[in-house]
file my_file_26.txt (compact mmCIF, C-alpha atoms and all ligand atoms)
# COMPACT_ATOMS: atom_id res chain seq x y z
CA MET E 1 85.60 114.96 87.93
CA ALA E 2 89.17 115.98 88.73
CA ILE E 3 91.59 113.08 89.02
CA MET E 4 93.50 113.29 92.30
CA PRO E 5 97.20 112.51 92.00
CA LEU E 6 98.38 109.44 93.91
CA ILE E 7 100.32 110.41 97.04
CA THR E 8 103.35 108.19 97.54
CA SER E 9 105.29 108.40 100.78
CA ILE E 10 108.05 106.40 102.34
CA HIS E 11 108.56 105.71 106.03
CA SER E 12 112.14 104.66 105.92
CA LEU E 13 114.96 105.70 108.16
CA ARG E 14 118.36 104.13 107.83
CA THR E 15 118.30 103.51 111.59
CA GLN E 16 114.81 102.01 111.65
CA ASN E 17 114.39 98.46 112.92
CA PRO E 18 111.30 96.21 112.62
CA GLU E 19 110.07 97.44 116.03
CA ASP E 20 110.07 101.06 114.74
CA VAL E 21 108.08 99.94 111.68
CA ALA E 22 105.47 98.37 113.98
CA VAL E 23 105.35 101.59 116.04
CA ASP E 24 104.83 103.72 112.88
CA LEU E 25 102.25 101.40 111.34
CA ALA E 26 99.79 101.43 114.26
CA PRO E 27 98.86 105.17 114.25
CA TYR E 28 98.73 105.14 110.43
CA VAL E 29 96.10 102.37 110.47
CA SER E 30 94.27 103.82 113.47
CA GLN E 31 93.95 107.27 111.83
CA LEU E 32 92.67 105.81 108.55
CA SER E 33 90.18 103.72 110.51
CA GLN E 34 88.87 106.78 112.36
CA LYS E 35 88.54 108.77 109.13
CA ALA E 36 86.78 106.00 107.19
CA ILE E 37 84.34 105.21 110.01
CA SER E 38 83.45 108.89 110.48
CA GLU E 39 82.81 109.22 106.72
CA THR E 40 81.08 105.93 105.89
CA GLY E 41 80.46 104.02 109.13
CA ALA E 42 82.81 101.18 108.13
CA PHE E 43 86.50 100.42 107.68
CA CYS E 44 87.14 97.76 105.03
CA VAL E 45 90.61 96.32 105.47
CA VAL E 46 92.55 93.76 103.47
CA LEU E 47 95.31 91.70 105.09
CA SER E 48 98.07 89.60 103.54
CA GLY E 49 100.13 86.85 105.12
CA GLY E 50 103.78 86.77 106.09
CA THR E 51 105.50 89.10 108.52
CA LEU E 52 102.84 91.80 108.13
CA ILE E 53 100.65 90.24 110.82
CA HIS E 54 103.42 90.42 113.41
CA THR E 55 104.14 94.03 112.38
CA LEU E 56 100.52 94.90 113.22
CA ARG E 57 101.07 93.95 116.87
CA LYS E 58 101.12 97.53 118.25
CA LEU E 59 97.53 98.02 117.09
CA THR E 60 96.46 95.37 119.58
CA GLN E 61 98.05 97.34 122.43
CA SER E 62 97.24 100.62 124.23
CA PRO E 63 96.44 103.29 123.21
CA HIS E 64 95.37 102.02 119.77
CA LYS E 65 93.43 99.02 121.02
CA GLU E 66 91.04 101.27 122.96
CA LEU E 67 90.90 104.03 120.33
CA VAL E 68 89.92 101.91 117.34
CA ASN E 69 86.21 101.22 116.72
CA TRP E 70 86.74 97.51 115.99
CA ALA E 71 83.01 96.83 115.68
CA ARG E 72 83.03 98.69 112.36
CA TRP E 73 85.96 96.80 110.82
CA PHE E 74 85.43 94.39 107.92
CA ILE E 75 88.33 92.08 107.09
CA PHE E 76 89.25 90.38 103.81
CA TRP E 77 92.48 88.75 102.62
CA VAL E 78 94.40 89.85 99.52
CA ASP E 79 95.51 86.25 99.12
CA GLU E 80 95.03 82.97 100.90
CA ARG E 81 96.64 79.60 100.76
CA VAL E 82 94.11 76.90 99.84
CA VAL E 83 94.49 74.82 102.98
CA PRO E 84 92.10 74.13 105.86
CA LEU E 85 91.67 77.10 108.19
CA ASP E 86 93.37 75.31 111.09
CA ASN E 87 96.47 74.58 109.00
CA PRO E 88 99.50 76.65 110.13
CA ASP E 89 100.05 77.61 106.44
CA SER E 90 96.70 79.44 106.38
CA ASN E 91 96.92 83.24 106.32
CA TYR E 92 93.65 83.30 108.27
CA PHE E 93 95.14 81.02 110.93
CA LEU E 94 98.15 83.31 111.29
CA ALA E 95 96.02 86.47 111.49
CA ARG E 96 93.56 84.89 113.91
CA ASN E 97 96.26 83.79 116.33
CA ASP E 98 98.43 86.90 116.23
CA PHE E 99 95.97 89.72 115.55
CA LEU E 100 92.24 89.02 115.24
CA SER E 101 91.93 87.09 118.53
CA LYS E 102 93.31 90.15 120.37
CA VAL E 103 90.77 92.72 119.15
CA PRO E 104 86.93 92.72 119.21
CA ILE E 105 86.11 92.56 115.49
CA PRO E 106 82.71 90.81 115.12
CA SER E 107 83.27 87.35 113.63
CA LYS E 108 80.59 88.00 110.96
CA ASN E 109 82.83 90.80 109.65
CA ILE E 110 85.82 88.51 109.14
CA HIS E 111 85.74 87.12 105.61
CA HIS E 112 87.96 84.08 105.41
CA ILE E 113 87.86 81.48 102.64
CA TYR E 114 85.77 78.32 102.90
CA TYR E 115 88.17 75.49 102.25
CA SER E 116 87.74 73.01 99.43
CA PRO E 117 90.60 71.19 97.65
CA CYS E 118 89.61 72.94 94.40
CA SER E 119 91.31 76.37 94.24
CA GLU E 120 89.03 77.56 91.47
CA ALA E 121 85.94 76.81 93.58
CA VAL E 122 87.48 78.64 96.56
CA ALA E 123 88.21 81.68 94.37
CA ILE E 124 84.66 81.74 92.96
CA ASP E 125 83.22 81.45 96.46
CA TYR E 126 85.46 84.21 97.81
CA GLN E 127 84.42 86.53 94.99
CA TYR E 128 80.81 85.69 95.86
CA GLN E 129 81.39 86.62 99.53
CA LEU E 130 82.85 89.91 98.39
CA SER E 131 80.01 90.57 95.96
CA ASN E 132 77.52 90.13 98.82
CA ARG E 133 79.30 92.84 100.80
CA VAL E 134 79.30 95.02 97.68
CA GLN E 135 75.54 94.50 97.24
CA GLN E 136 75.03 95.48 100.89
CA LYS E 137 77.15 98.58 100.15
CA VAL E 138 79.59 97.70 102.95
CA VAL E 139 82.37 97.59 100.36
CA PRO E 140 81.57 100.24 97.72
CA LEU E 141 82.31 99.90 94.04
CA SER E 142 85.02 102.22 92.82
CA ALA E 143 84.73 104.33 89.66
CA THR E 144 86.92 101.57 88.15
CA GLY E 145 83.97 99.14 88.50
CA PHE E 146 85.83 97.01 91.05
CA PRO E 147 85.32 96.84 94.84
CA GLN E 148 87.03 99.62 96.73
CA PHE E 149 88.64 98.81 100.07
CA ASP E 150 89.69 101.55 102.46
CA LEU E 151 93.08 100.02 103.20
CA MET E 152 95.20 97.12 101.99
CA LEU E 153 98.15 96.04 104.11
CA LEU E 154 100.55 94.22 101.81
CA GLY E 155 103.96 92.60 101.92
CA ILE E 156 106.23 91.71 99.01
CA GLY E 157 108.47 88.74 98.30
CA PRO E 158 112.14 88.71 97.24
CA ASP E 159 110.97 88.07 93.64
CA GLY E 160 108.74 91.17 93.80
CA HIS E 161 105.48 89.25 94.14
CA VAL E 162 102.60 90.92 95.86
CA ALA E 163 99.47 89.06 97.02
CA SER E 164 99.83 85.75 95.07
CA LEU E 165 100.67 87.58 91.85
CA PHE E 166 104.08 86.29 90.79
CA PRO E 167 106.48 87.64 88.11
CA ASN E 168 106.21 84.94 85.42
CA ARG E 169 102.60 83.90 85.95
CA THR E 170 99.54 84.86 83.97
CA GLU E 171 97.32 85.69 86.98
CA ARG E 172 99.00 89.07 87.22
CA TYR E 173 97.47 90.01 83.84
CA ASN E 174 93.90 89.11 84.83
CA ARG E 175 91.85 92.25 84.30
CA THR E 176 88.35 90.81 84.62
CA ASP E 177 87.96 88.71 87.77
CA TRP E 178 87.99 90.07 91.31
CA VAL E 179 89.55 86.90 92.67
CA THR E 180 91.64 84.35 90.80
CA TYR E 181 93.63 81.23 91.71
CA ILE E 182 96.95 79.51 91.16
CA ASN E 183 97.73 75.81 91.54
CA ASP E 184 101.52 75.93 91.16
CA SER E 185 102.65 78.91 93.17
CA PRO E 186 106.44 79.31 93.16
CA LYS E 187 106.15 80.13 96.88
CA PRO E 188 104.73 77.17 98.81
CA PRO E 189 102.07 76.07 99.43
CA PRO E 190 101.21 75.69 95.72
CA LYS E 191 97.45 76.30 95.79
CA ARG E 192 96.34 79.84 96.45
CA ILE E 193 93.65 82.37 95.68
CA THR E 194 94.39 86.04 95.18
CA PHE E 195 92.77 89.38 94.47
CA THR E 196 93.61 90.59 90.97
CA PHE E 197 95.36 93.87 90.17
CA PRO E 198 92.16 95.77 89.29
CA VAL E 199 90.86 95.10 92.84
CA ILE E 200 94.20 95.90 94.46
CA ASN E 201 94.56 99.13 92.52
CA SER E 202 90.98 100.22 93.25
CA ALA E 203 91.81 100.47 96.98
CA LYS E 204 91.90 103.94 98.46
CA HIS E 205 95.05 103.41 100.50
CA ILE E 206 97.77 100.77 100.36
CA ALA E 207 100.58 100.24 102.85
CA MET E 208 103.52 98.18 101.61
CA VAL E 209 105.09 96.83 104.79
CA VAL E 210 108.54 95.38 104.16
CA THR E 211 111.13 94.33 106.71
CA GLY E 212 114.31 92.36 106.11
CA LYS E 213 117.20 92.20 103.64
CA GLU E 214 115.66 89.58 101.34
CA GLU E 215 113.30 92.09 99.73
CA ALA E 216 115.85 94.94 99.49
CA ASN E 217 116.48 94.45 95.74
CA ALA E 218 112.78 94.38 94.89
CA VAL E 219 112.23 97.52 97.01
CA ALA E 220 115.07 99.38 95.24
CA ILE E 221 113.93 98.32 91.75
CA THR E 222 110.38 99.44 92.50
CA LEU E 223 111.07 102.73 94.25
CA GLU E 224 113.81 103.78 91.86
CA LYS E 225 111.54 102.80 88.95
CA LEU E 226 114.27 100.64 87.37
CA GLN E 227 113.25 98.77 84.20
CA VAL E 228 113.39 94.99 84.56
CA ARG E 229 111.80 92.22 82.47
CA PRO E 230 109.28 91.05 83.47
CA PRO E 231 108.34 94.10 85.57
CA LEU E 232 108.02 93.23 89.24
CA PRO E 233 104.38 92.76 90.27
CA CYS E 234 104.94 95.02 93.30
CA SER E 235 105.85 97.87 90.92
CA TRP E 236 102.30 97.74 89.54
CA VAL E 237 100.68 98.63 92.86
CA GLU E 238 98.94 101.96 92.34
CA PRO E 239 95.96 102.65 94.60
CA GLN E 240 93.54 105.54 94.21
CA VAL E 241 94.59 107.91 97.03
CA SER E 242 97.83 107.00 98.81
CA LEU E 243 100.62 104.46 98.68
CA THR E 244 102.84 104.33 101.77
CA TRP E 245 105.96 102.20 102.08
CA PHE E 246 106.96 101.15 105.61
CA LEU E 247 110.55 99.94 105.39
CA ASP E 248 113.10 98.95 107.98
CA ARG E 249 116.77 99.67 107.40
CA ASP E 250 117.40 96.22 105.90
CA ALA E 251 114.56 96.54 103.38
CA ALA E 252 115.81 100.05 102.49
CA SER E 253 119.47 98.98 102.33
CA LYS E 254 119.74 98.90 98.50
CA LEU E 255 118.26 102.37 98.04
CA PRO E 256 120.80 105.13 97.35
CA PRO E 257 121.78 107.01 100.54
CA ASN E 258 120.14 110.24 99.37
CA PHE E 259 116.86 108.51 98.44
CA ASN E 260 113.83 110.57 99.52
CA LYS E 261 113.04 109.66 103.11
CA LYS E 262 110.54 110.73 105.70
O1 LIG H 1 100.38 84.22 101.40
C1 LIG H 1 101.44 84.79 101.28
O2 LIG H 1 102.47 84.19 101.03
C2 LIG H 1 101.49 86.25 101.47
O3 LIG H 1 100.29 86.91 101.54
C3 LIG H 1 102.50 86.92 100.58
O4 LIG H 1 102.00 87.62 99.51
C4 LIG H 1 103.33 87.78 101.50
O5 LIG H 1 102.63 88.93 101.85
C5 LIG H 1 104.66 88.15 100.91
O6 LIG H 1 105.28 87.02 100.39
C6 LIG H 1 105.57 88.75 101.95
O7 LIG H 1 105.84 87.81 102.93
P1 LIG H 1 106.88 88.14 104.10
O8 LIG H 1 106.36 89.35 104.79
O9 LIG H 1 106.84 86.93 104.99
O10 LIG H 1 108.20 88.38 103.46

call {"tool": "encode", "arguments": {"input": "my_file_26.txt", "output": "structure tokens"}}
result
Amino acid sequence: MAIMPLITSIHSLRTQNPEDVAVDLAPYVSQLSQKAISETGAFCVVLSGGTLIHTLRKLTQSPHKELVNWARWFIFWVDERVVPLDNPDSNYFLARNDFLSKVPIPSKNIHHIYYSPCSEAVAIDYQYQLSNRVQQKVVPLSATGFPQFDLMLLGIGPDGHVASLFPNRTERYNRTDWVTYINDSPKPPPKRITFTFPVINSAKHIAMVVTGKEEANAVAITLEKLQVRPPLPCSWVEPQVSLTWFLDRDAASKLPPNFNKK
């Protein structure tokens, strides 16, 4: 089988503000949703926390809200803070309030964690939830042997973390589990679960959605392929079909002026 090259594109204009990023992101997601549902009958989407959820707001408005076949969406989280679901620190809580409550995705298709104070138990249970969807063939297995999501919507941190995979932590090297956990995350709250890199990089499409100056260094290091030790986790993101960076002018501010733009 021929190996398709990864398509990397960058939505970054020096004049672009966070509102423009939200406007660009909505048709990108809506078109991928339409394509996946026409091919397989489902759209398996992975969310992260942080500002991403607010940047998804245009999807919950016309014309996208009416165009998307929400009944066929299946939602997972790339990482979750191990807190009760009604805790404002919960990524599920954030997504429910600002996104999921505004669109008709069936609740049985929304795969949040089940809280317990033990992060390891939460990670095992989340992997079990995912393996059920794999067995039902809702989420297919990729040729890599790991679950293959249609789209992951990810943010990055100023230290280059992605999901809850941080620069100086061992979880980023986990090549066997689908879901792992951390009890001393450098970004609070300390207890988290996270998809591992093999799951992230088995996705068909990944959008890296970054707004704000704080992440500008990490964006420049990653997109210019600069060598740093340890390598930034976000520079390891390499999905199977396409990687698209959505940047506002602040996030793109450390890239050279002539850097490839769309
Ligand atoms: O649980 C989390 O903390 C997030 O999932 C995390 O991985 C986030 O996506 C990045 O830190 C970017 O966050 P911002 O968009 O808020 O900068």

call {"tool": "closest_residue", "arguments": {"input": "my_file_26.txt", "among": "E:Val138, E:Cys118, E:Ala42, E:Val209", "to": "His54 of chain E", "atoms": "all atoms listed in the file"}}
result
E:Val209

call {"tool": "residues_near_ligand", "arguments": {"input": "my_file_26.txt", "ligand": "ligand LIG 1 (chain H)", "cutoff": "6 Å", "atoms": "only C-alpha atoms and all ligand atoms", "output": "PDB file with C-alpha atoms, in the frame of the given file"}}
result
ATOM      1  CA  SER E  48      98.070  89.600 103.540  1.00  0.00           C
ATOM      2  CA  GLY E  49     100.130  86.850 105.120  1.00  0.00           C
ATOM      3  CA  GLY E  50     103.780  86.770 106.090  1.00  0.00           C
ATOM      4  CA  THR E  51     105.500  89.100 108.520  1.00  0.00           C
ATOM      5  CA  LEU E  52     102.840  91.800 108.130  1.00  0.00           C
ATOM      6  CA  ASP E  79      95.510  86.250  99.120  1.00  0.00           C
ATOM      7  CA  GLU E  80      95.030  82.970 100.900  1.00  0.00           C
ATOM      8  CA  ARG E  81      96.640  79.600 100.760  1.00  0.00           C
ATOM      9  CA  LEU E 154     100.550  94.220 101.810  1.00  0.00           C
ATOM     10  CA  GLY E 155     103.960  92.600 101.920  1.00  0.00           C
ATOM     11  CA  ILE E 156     106.230  91.710  99.010  1.00  0.00           C
ATOM     12  CA  GLY E 157     108.470  88.740  98.300  1.00  0.00           C
ATOM     13  CA  VAL E 162     102.600  90.920  95.860  1.00  0.00           C
ATOM     14  CA  ALA E 163      99.470  89.060  97.020  1.00  0.00           C
ATOM     15  CA  SER E 164      99.830  85.750  95.070  1.00  0.00           C
TER      16      SER E 164
END

call {"tool": "closest_residue", "arguments": {"input": "my_file_26.txt", "among": "E:Val45, E:Ala26, E:Pro190, E:Phe166", "to": "Asp89 of chain E", "atoms": "all atoms listed in the file"}}
result
E:Pro190

call {"tool": "residues_near_point", "arguments": {"input": "my_file_26.txt", "point": "(117.1, 101.5, 105.8)", "cutoff": "8 Å", "atoms": "all atoms listed in the file", "output": "list in words"}}
result
Ser12, Leu13, Arg14, Thr15, Gln16, Leu247, Asp248, Arg249, Asp250, Ala251, Ala252, Ser253 and Leu255 of chain E

call {"tool": "residues_near_point", "arguments": {"input": "my_file_26.txt", "point": "(88.5, 78.5, 96.2)", "cutoff": "12 Å", "atoms": "all atoms listed in the file", "output": "NGL selection string"}}
result
:E and (79-84 or 112-129 or 179-183 or 191-195)

call {"tool": "residues_around", "arguments": {"input": "my_file_26.txt", "residues": "Ile206 of chain E", "least_positions_apart": "2", "cutoff": "10 Å", "atoms": "all atoms listed in the file", "output": "VMD selection string"}}
result
chain E and resid 8 45 to 46 149 to 154 200 to 204 208 to 209 237 to 245

call {"tool": "closest_residue", "arguments": {"input": "my_file_26.txt", "among": "E:Val210, E:Leu226, E:Leu67, E:Leu47", "to": "Pro158 of chain E", "atoms": "all atoms listed in the file"}}
result
E:Val210

call {"tool": "atom_distance", "arguments": {"input": "my_file_26.txt", "atom1": "atom CA of Pro188 of chain E", "atom2": "atom CA of Gln148 of chain E"}}
result
28.7 Å
